[in-house]
Every structure is written in C-alpha cells, then in structure tokens.
Amino acid sequence: MKHINKKQDTKIALTGGAAAAEALRQINPDVMPVYPITPQTPIIEGFAKFEAKGKVDTDVITVESEHSAISACVGAVAAGARTVTATSSQGLALMNEILYIASGMRLPMLMLVSARALSAPINIHGDHSDVMGARDTGWVQIFSENAQEVYDNTIIGMKLTEKVHVPTMVIMDGFVTSHSVENLEVLIDRSVRSFVGEFKFNQSLLDVSNPHTFGPVGLPDSYFDFKIEQEAAMDKVFEEYENVADGYGELSGRHYELFEKYHTRDADHVIVAAGATCGTIKDVVDEMREKGKKVGLLKIKMFRPFPYKQIAKALSGAKNISVLDKSMAFGSMPPICSEIVMSAQISNLKSQISSYVYGLGGRDIFAKDIENVFENMIKGKKMKGVQYIA
Amino acid sequence: MNKQLTKNFAPGHGTCSGCGIPAIVRNILDVSEDPVVVVNATGCLEVTSTLYPYTAWKVPYIHNAFENAGATVSGIEAAYKVLEKKGKVKGKINFVVFGGDGSTYDIGLQALSGALERGHRFLYVAYDNQGYMNTGGQRSGATPYGANMTTTPAAKGDIGNELDRKDIMEIVAAHGVKYLAQANVFNIEDMRAKAKKAFETDGPSFLLVLQPCTNSWKFPVSDYVKVAKLAHDTNYWTLYEIENGQYKINQYISNPKPIEEFLKTQKRFKHLLLPENKKALEKIQRDVDFRLEKLKKKTGE
C-alpha cells in the first residue's frame, strides 16, 4: 500500500499518555471535560498544556467528578461538538450510569482509558478490571499494545465513533503503557485533521430552528426496539472499522485489523491476550519459534463489539488455546476467555481452551510465565479451572 | 390555550391536573428574548413531557439523568462557546435547566455546584415541591419539618419528617452567583420579572420556585394557587432576590397569617394540628419568624 506521508512523518519518544495527548492535539476537539485520576492524568495534563499555549481551540472543562465529565460529554455532543475525555479505574466505574446513556442516545464521543485495577483494596496500578466492568455498556472498546497503537487508535477511534454513532473507548494499560516512554511515529497535523475531517451532527441542540428532544421516556412499546436498533448499530462497527483502518493504513503505513494474528497461521498452540503484555508474548513467540515450536499469539484489539466468527476462523487451526485475562469476572469465567469459548462454540472448534488470569493490581508477568503457558499447551496438560499467574 | 405561552411547551403533556409546573416552564421560557435550549433532570416534568414518540417540547431539549443536569448544561454551553467562535452557531442562545428539588438539593447538588463554580452562562430553575413526587412522595432535602411523607410517615408519637429543609438559596449564593431569586408559582408576574433578570445575567443564575404538589401535599386540584399564596401570606415562602450579593425582599407582608393557615390546607400536615403536636406547631412558627428576621437583616433594612 502507498505510504504517502512517509517523508513528513516524525519519530518521537513519548509515553502512552503523551501519545494520546499528541493525537488529541492534532484532532483538535471542540470540548474536553476532564477530571484527574491516576494513571490517566498525564493525558489531560498534556492536553491542558496545548490548550494553555493556544495550540488547540478546545474548551477544556475542569469538572468536579468523572460522573460530571461524561455527563458534560453527553451535553456537548448533543450540542454538536466533537468531544473527548479520559479516565481510569474508579472514574470509569463512577461514569457507568452515563456510559449507557451516551450509547443509548447514539452520541459519538471518544474516551481514552488508562486501564487500572478497581477497589477494594484500593490500587492505582494497571489491570483491565475497569474496562471489563464497562464491557456491556454499548461502547466500542479498542485495546492498544503500546504508545504507537495508543496514538493510532486515538485517531482511528475519533473517526470511527463519528461514523457509527457509537461512543468509543481507546484503552491502554495503566503505567505500563501510559507512563512508559517509547519511540513512535506521528503524522503531520494536516494529515490527521483531514483524515478525521469535520464533525457534522444534524440534530444539534444548538440548531434552534430544528428542535429535537433527546432522552425521552421509552415504555414497553418502544424501549425494546431502541435496544434492538442499538445492537444493529454495533454490528455495523466491524465494517466501518475496517474502512477507517484501511484509510489510516494508507495514510500512515500502519495497517490494523480487528485483531492481530502473530504467527497464528500454522500455530498449534495459541495465546489470546489484550494490551501491553502482548509485546512480551511476541518476544516469547519469537524465541520459541526459533526453537521450532509452533506457537502464536492472537492479540485482541477490538473487544466490543466482539468479532466472534473472525476470531474463530483465525483460531481454527489451533490444537490448544490459552486465554490470558488481566481481570476477573467474579463467579464466572474471565471476560476474554468467556468470549473465546463462545467463539469456539459458534464455529464448532475442537481446540482445548485454558484460562489464565495475570497481572491484577499491576503484578508483573515475565517471559518465563508466558513460556510456561506455551509449554503447558505443548505438553497437552489439561488445566482445571482458572489458573493464576500470581 | 394561550398561543404565546404554548409556543415552547405544548399542551398535551401529562402533568397532573392542578400541577403548576407547566405554568412555571411556560412563563419562564416566554420571557427569554433569545432562543432557548432546555436541559431537564429526571423528574415529574421529564416523565410527563417526553413520552416517546411524542414530545411536548417545541424547543431543543435534553434529558440526561437525575443528578447531572448541571454537568450536562456545562457541556452544552462549552460547545456553544467553541462553535460560536468558529462561526458554526450564530446568535445568543439561553440555556435553561429545569429540575425538581430532588435533583437540586440532593442528588444533583454536586453537579450544580460545579456548574455554578465554573461560571457557565445558564439559568437553573428548581421547581420545589418539597419531596420526591415522581416516585410517590418520599422525603427530600427540601421537605419541611413535620411533613408526613412516604419515607417519613407520621404516626402517634412520630412527627413525620424530623429534619429541617436545606437552605438551597444560601448554598447557591455561596458560589458567588450574580443573580438568584426565590419565586412562587402563585405570583406569575414576579416570577417572570425574575426570569428576565436571570436571562440578562452574564454567568449562572438560579430561580427557586415554590410548586405545591396536589398529589403529595394533598389538597384539591383546584387549589394550587391558593395554597401557594398562603405560603406567601404566612411568610412561609418569602419572595426575595439576591443581586450581586444584595438581598432584596420583593414583597413584604404587613399582617402575616399564622402558619396554621398554610398547614391546614394540606393533609401532609394534618397531624400537626392535633393537640399532642402543639410544640411542633410552635417550632414551625418560630422557624418561619426566625428565617424572615434573618433575611431582613441581610437586606440591611
């Protein structure tokens, strides 16, 4: 594919949080309600500096809670403004009520999430408990592996949400990605602005000559139909994501799919995981491949909507699958594992599926741990219940 | 129906007969010389005006949730500022929030406080019916002492609600809001004059309007104006405003009626008139007198 802007792109070193702020600067949103929480704060602080220096036209509203941040987002989008926010952990949990309202009203907006553990006990470090707690709120959820993907997904997510009118979360791992400096390639401002284009909303509250009522009462005769339509909108996300990602691939030379297949084509033993740990898993795959072991990684990118059939197809050759979750679903199977079991069920896969939970509250996971997971599969070990890499 | 008054809020909504909310909404919106955008907290007004596929609103309207009207209007006003600067929106628009006392005194107080503090340009109208009426008449932070509510029922030896009302006017005033006023649905002209001043305010403004609820206060549906007027005539609900920090009582009552005259019109206070509750009644009268004296001192008169 042609890489038209290659010469104008720059390579810089940024943290994941700063990469998100940089992408947001280039997008130049109209409104950004913000409320601090670790480890998200570098995103809004980074952006606030751009705003203070007059590099963006954005109205940054320093609201008094995350609940009000997302509530202000709903108002701003309904008023026709391109709107973004960011949060983590308890903040996302506090927003929960309004996440459903944003998606139920079909309001496009982008939220960066620096994923973090949930209380109690209180813990500021990274895991996926917060975003998994929001997985059924009707938002698109896209995981990022590193700062480059945070940057790219921010731009893709902004365009996607406005195309599908489904609010969108772009997720990075708290601290591991949000606070680690990595080299990444950024586009020139002009390219980003023309890629995301203008936000046009034909039902704006500010169009006073064309009044609309947002947020009506829906009784049993209508409520159900709204929910069916909402699900239909989710179904359309895959196709639109592919269109947007294709366009972005042409622009940047970085081509993204719904999920990433890393040596899965001929792999007998596949790990499925999301987020920053995929970087380590890739290293382990490379090392084991050198030793002739047929291992691979299926990296989850889009978690909502979940591409069941596409993923099942990619996993169809695997004898063994191990799913690594960085969160729990108490009293149930961990979230990613549940979806992989469902994918396998839909497509009649006969693979052996094992479930591992790792990294809760920011606990480290090492290459050795991942190698063990592969070795367990290679040895044909049947794991009973969920295994903790603790 | 009066065509002028129904141009923003249509007839055919489902508020109870004898409810003053539509009169409050219509008269306040009617005073605006510029187009309006309405934000509504969950409550009586919202559920009775937006039953899909119908809407009583002829102006742009949004209902988000119960506790976040202040934050919602903040987002809208911020959007307006940016889009106006970019030339995408032209002309002044007034932003009006309607919320009941539950969404103002209680669950939405934080979002209201944040919005007031940040200085967004909007008018917040609280229609105060002194309880959670949309859910069946539970006690709120606006419910007066001695009221028989579904969560604070009166019984022999139990006065009902044992707590005093929050002074929401003082809470709002403490944010340095340039214009706020207490109004009463019985006095439409006073309310309209106050709304006019509110719309002329650069920044947030606040109107607290007494709205007797026929369902929960329990009086005949034909009597809401009468009951509201008795609240005025007994000094239970004084009409006053605070403009740039200056307090002004808009209408003095020279010969106030005893508080019983107001209380006896409503079944929520019926038990207070029993001999055994004489002390409670005296406390209520004392509180009315004390509040008025306190207010008078603030006016400097």
# chains A, B, ... in the order shown; residues from 1 in each chain; ligands from 1
call {"tool": "interface_residues", "arguments": {"of": "chain B", "to": "chain A", "cutoff": "6 Å", "atoms": "only C-alpha atoms", "output": "VMD selection string"}}
result
chain B and resid 50 to 52 59 to 63 71 to 72 74 to 76 79 114
call {"tool": "write_last_selection", "arguments": {"atoms": "N, CA and C atoms", "output": "PDB file, in the first residue's frame"}}
result
ATOM      1  N   THR B  50     -42.207  13.870  27.712  1.00  0.00           N
ATOM      2  CA  THR B  50     -41.395  13.285  26.628  1.00  0.00           C
ATOM      3  C   THR B  50     -41.710  11.809  26.392  1.00  0.00           C
ATOM      4  N   LEU B  51     -42.971  11.452  26.463  1.00  0.00           N
ATOM      5  CA  LEU B  51     -43.329  10.047  26.285  1.00  0.00           C
ATOM      6  C   LEU B  51     -43.224   9.667  24.808  1.00  0.00           C
ATOM      7  N   TYR B  52     -42.156   8.955  24.456  1.00  0.00           N
ATOM      8  CA  TYR B  52     -41.904   8.582  23.072  1.00  0.00           C
ATOM      9  C   TYR B  52     -43.120   7.856  22.484  1.00  0.00           C
ATOM     10  N   VAL B  59     -38.944  23.333  21.657  1.00  0.00           N
ATOM     11  CA  VAL B  59     -37.584  23.891  21.662  1.00  0.00           C
ATOM     12  C   VAL B  59     -36.612  22.733  21.868  1.00  0.00           C
ATOM     13  N   PRO B  60     -35.326  22.913  21.501  1.00  0.00           N
ATOM     14  CA  PRO B  60     -34.355  21.835  21.740  1.00  0.00           C
ATOM     15  C   PRO B  60     -34.333  21.452  23.214  1.00  0.00           C
ATOM     16  N   TYR B  61     -34.319  20.170  23.455  1.00  0.00           N
ATOM     17  CA  TYR B  61     -34.493  19.655  24.824  1.00  0.00           C
ATOM     18  C   TYR B  61     -33.621  18.434  25.026  1.00  0.00           C
ATOM     19  N   ILE B  62     -33.003  18.333  26.186  1.00  0.00           N
ATOM     20  CA  ILE B  62     -32.274  17.109  26.517  1.00  0.00           C
ATOM     21  C   ILE B  62     -32.516  16.714  27.966  1.00  0.00           C
ATOM     22  N   HIS B  63     -32.801  15.441  28.131  1.00  0.00           N
ATOM     23  CA  HIS B  63     -32.836  14.842  29.467  1.00  0.00           C
ATOM     24  C   HIS B  63     -31.706  13.832  29.495  1.00  0.00           C
ATOM     25  N   ALA B  71     -23.987  19.338  35.005  1.00  0.00           N
ATOM     26  CA  ALA B  71     -22.868  18.942  34.146  1.00  0.00           C
ATOM     27  C   ALA B  71     -23.290  18.927  32.680  1.00  0.00           C
ATOM     28  N   THR B  72     -24.511  18.508  32.423  1.00  0.00           N
ATOM     29  CA  THR B  72     -24.995  18.437  31.038  1.00  0.00           C
ATOM     30  C   THR B  72     -25.048  19.833  30.422  1.00  0.00           C
ATOM     31  N   SER B  74     -23.333  22.321  31.333  1.00  0.00           N
ATOM     32  CA  SER B  74     -21.945  22.795  31.200  1.00  0.00           C
ATOM     33  C   SER B  74     -21.371  22.382  29.850  1.00  0.00           C
ATOM     34  N   GLY B  75     -21.619  21.127  29.473  1.00  0.00           N
ATOM     35  CA  GLY B  75     -21.127  20.627  28.186  1.00  0.00           C
ATOM     36  C   GLY B  75     -21.759  21.369  27.023  1.00  0.00           C
ATOM     37  N   ILE B  76     -23.045  21.641  27.137  1.00  0.00           N
ATOM     38  CA  ILE B  76     -23.754  22.337  26.055  1.00  0.00           C
ATOM     39  C   ILE B  76     -23.247  23.767  25.915  1.00  0.00           C
ATOM     40  N   ALA B  79     -19.860  23.792  24.390  1.00  0.00           N
ATOM     41  CA  ALA B  79     -19.980  23.540  22.946  1.00  0.00           C
ATOM     42  C   ALA B  79     -20.392  24.824  22.234  1.00  0.00           C
ATOM     43  N   GLY B 114     -20.659  22.414  40.798  1.00  0.00           N
ATOM     44  CA  GLY B 114     -19.567  22.511  39.828  1.00  0.00           C
ATOM     45  C   GLY B 114     -19.893  23.489  38.715  1.00  0.00           C
TER      46      GLY B 114
END
call {"tool": "residues_around", "arguments": {"residues": "Thr280 of chain A", "least_positions_apart": "3", "cutoff": "9 Å", "atoms": "only C-alpha atoms", "output": "list of chain:residue names"}}
result
A:Ala276, A:Thr277, A:Asp283, A:Val284, A:Val285, A:Ile365, A:Phe366, A:Ala367, A:Ile370
call {"tool": "write_last_selection", "arguments": {"atoms": "C-alpha atoms", "output": "PDB file, in the first residue's frame"}}
result
ATOM      1  CA  ALA A 276       0.687  -4.316  26.724  1.00  0.00           C
ATOM      2  CA  THR A 277       1.565  -7.895  27.698  1.00  0.00           C
ATOM      3  CA  ASP A 283       9.108 -11.915  22.203  1.00  0.00           C
ATOM      4  CA  VAL A 284       8.401 -15.334  23.693  1.00  0.00           C
ATOM      5  CA  VAL A 285       6.765 -16.485  20.468  1.00  0.00           C
ATOM      6  CA  ILE A 365       4.214 -11.061  34.397  1.00  0.00           C
ATOM      7  CA  PHE A 366       7.519 -12.328  32.987  1.00  0.00           C
ATOM      8  CA  ALA A 367       8.572 -14.019  29.755  1.00  0.00           C
ATOM      9  CA  ILE A 370       4.357 -16.959  29.270  1.00  0.00           C
TER      10      ILE A 370
END
call {"tool": "closest_residue", "arguments": {"among": "B:Lys58, B:Val125, B:Leu29, B:Glu261", "to": "Pro11 of chain B", "atoms": "only C-alpha atoms"}}
result
B:Lys58
call {"tool": "select_by_dssp", "arguments": {"residues": "segment 306-358 of chain A", "states": "strand (DSSP E)", "output": "NGL selection string"}}
result
:A and (320-325 or 352-358)
call {"tool": "write_last_selection", "arguments": {"atoms": "N, CA and C atoms", "output": "tab-separated table (two decimals), in the first residue's frame"}}
result
chain	number	residue	atom	x	y	z
A	320	ASN	N	-4.48	-26.15	20.82
A	320	ASN	CA	-4.63	-25.63	22.18
A	320	ASN	C	-4.68	-24.10	22.17
A	321	ILE	N	-5.58	-23.60	22.99
A	321	ILE	CA	-5.69	-22.14	23.13
A	321	ILE	C	-5.60	-21.82	24.62
A	322	SER	N	-4.75	-20.85	24.96
A	322	SER	CA	-4.73	-20.36	26.35
A	322	SER	C	-5.08	-18.89	26.34
A	323	VAL	N	-6.09	-18.54	27.13
A	323	VAL	CA	-6.53	-17.15	27.16
A	323	VAL	C	-5.99	-16.49	28.42
A	324	LEU	N	-5.31	-15.36	28.22
A	324	LEU	CA	-4.74	-14.62	29.36
A	324	LEU	C	-5.59	-13.39	29.63
A	325	ASP	N	-6.24	-13.38	30.77
A	325	ASP	CA	-7.06	-12.23	31.16
A	325	ASP	C	-6.37	-11.43	32.24
A	352	GLN	N	-8.60	-27.27	22.65
A	352	GLN	CA	-8.61	-27.30	24.11
A	352	GLN	C	-8.39	-25.86	24.59
A	353	ILE	N	-9.28	-25.34	25.44
A	353	ILE	CA	-9.14	-23.94	25.87
A	353	ILE	C	-8.82	-23.87	27.36
A	354	SER	N	-7.75	-23.16	27.69
A	354	SER	CA	-7.37	-22.96	29.10
A	354	SER	C	-7.47	-21.48	29.45
A	355	SER	N	-7.71	-21.24	30.71
A	355	SER	CA	-7.89	-19.86	31.16
A	355	SER	C	-6.86	-19.48	32.22
A	356	TYR	N	-6.19	-18.35	32.01
A	356	TYR	CA	-5.21	-17.83	32.98
A	356	TYR	C	-5.57	-16.40	33.33
A	357	VAL	N	-5.39	-16.04	34.58
A	357	VAL	CA	-5.52	-14.64	34.99
A	357	VAL	C	-4.15	-14.17	35.46
A	358	TYR	N	-3.74	-12.99	35.01
A	358	TYR	CA	-2.42	-12.47	35.36
A	358	TYR	C	-2.53	-10.99	35.69
call {"tool": "atom_distance", "arguments": {"atom1": "atom CA of Val186 of chain A", "atom2": "atom CA of Gly362 of chain A"}}
result
28.5 Å
call {"tool": "residues_around", "arguments": {"residues": "segment 183-198 of chain B", "least_positions_apart": "6", "cutoff": "8 Å", "atoms": "only C-alpha atoms", "output": "PyMOL selection string"}}
result
chain B and resi 20+23-24+27-28+31-32+123+205-211+224-226+228-229+232+237-240
call {"tool": "residues_around", "arguments": {"residues": "Asn161 of chain B", "least_positions_apart": "2", "cutoff": "7 Å", "atoms": "only C-alpha atoms", "output": "list in words"}}
result
Tyr145, Gly146, Ala147, Asn148, Thr152, Ile159 and Leu163 of chain B
call {"tool": "write_last_selection", "arguments": {"atoms": "C-alpha atoms", "output": "compact mmCIF listing (two decimals), in the first residue's frame"}}
result
# COMPACT_ATOMS: atom_id res chain seq x y z
CA TYR B 145 -40.11 19.63 59.27
CA GLY B 146 -43.23 17.79 60.28
CA ALA B 147 -44.33 16.67 56.81
CA ASN B 148 -45.95 13.26 56.55
CA THR B 152 -41.11 9.60 56.98
CA ILE B 159 -43.95 13.81 63.83
CA LEU B 163 -35.33 17.31 59.69
call {"tool": "residues_around", "arguments": {"residues": "segment 237-254 of chain A", "least_positions_apart": "2", "cutoff": "9 Å", "atoms": "only C-alpha atoms", "output": "count of residues only"}}
result
34
call {"tool": "residues_around", "arguments": {"residues": "Ala147 of chain A", "least_positions_apart": "4", "cutoff": "7 Å", "atoms": "only C-alpha atoms", "output": "PyMOL selection string"}}
result
chain A and resi 15-16+19+151+177+182+184
call {"tool": "write_last_selection", "arguments": {"atoms": "C-alpha atoms", "output": "CSV table (one decimal), in the first residue's frame"}}
result
chain,number,residue,atom,x,y,z
A,15,THR,CA,4.8,8.0,27.0
A,16,GLY,CA,1.5,6.4,26.0
A,19,ALA,CA,1.0,10.0,22.7
A,151,TYR,CA,-1.6,7.2,19.1
A,177,THR,CA,1.9,1.9,28.5
A,182,GLU,CA,8.6,4.5,23.6
A,184,LEU,CA,6.6,6.2,17.9
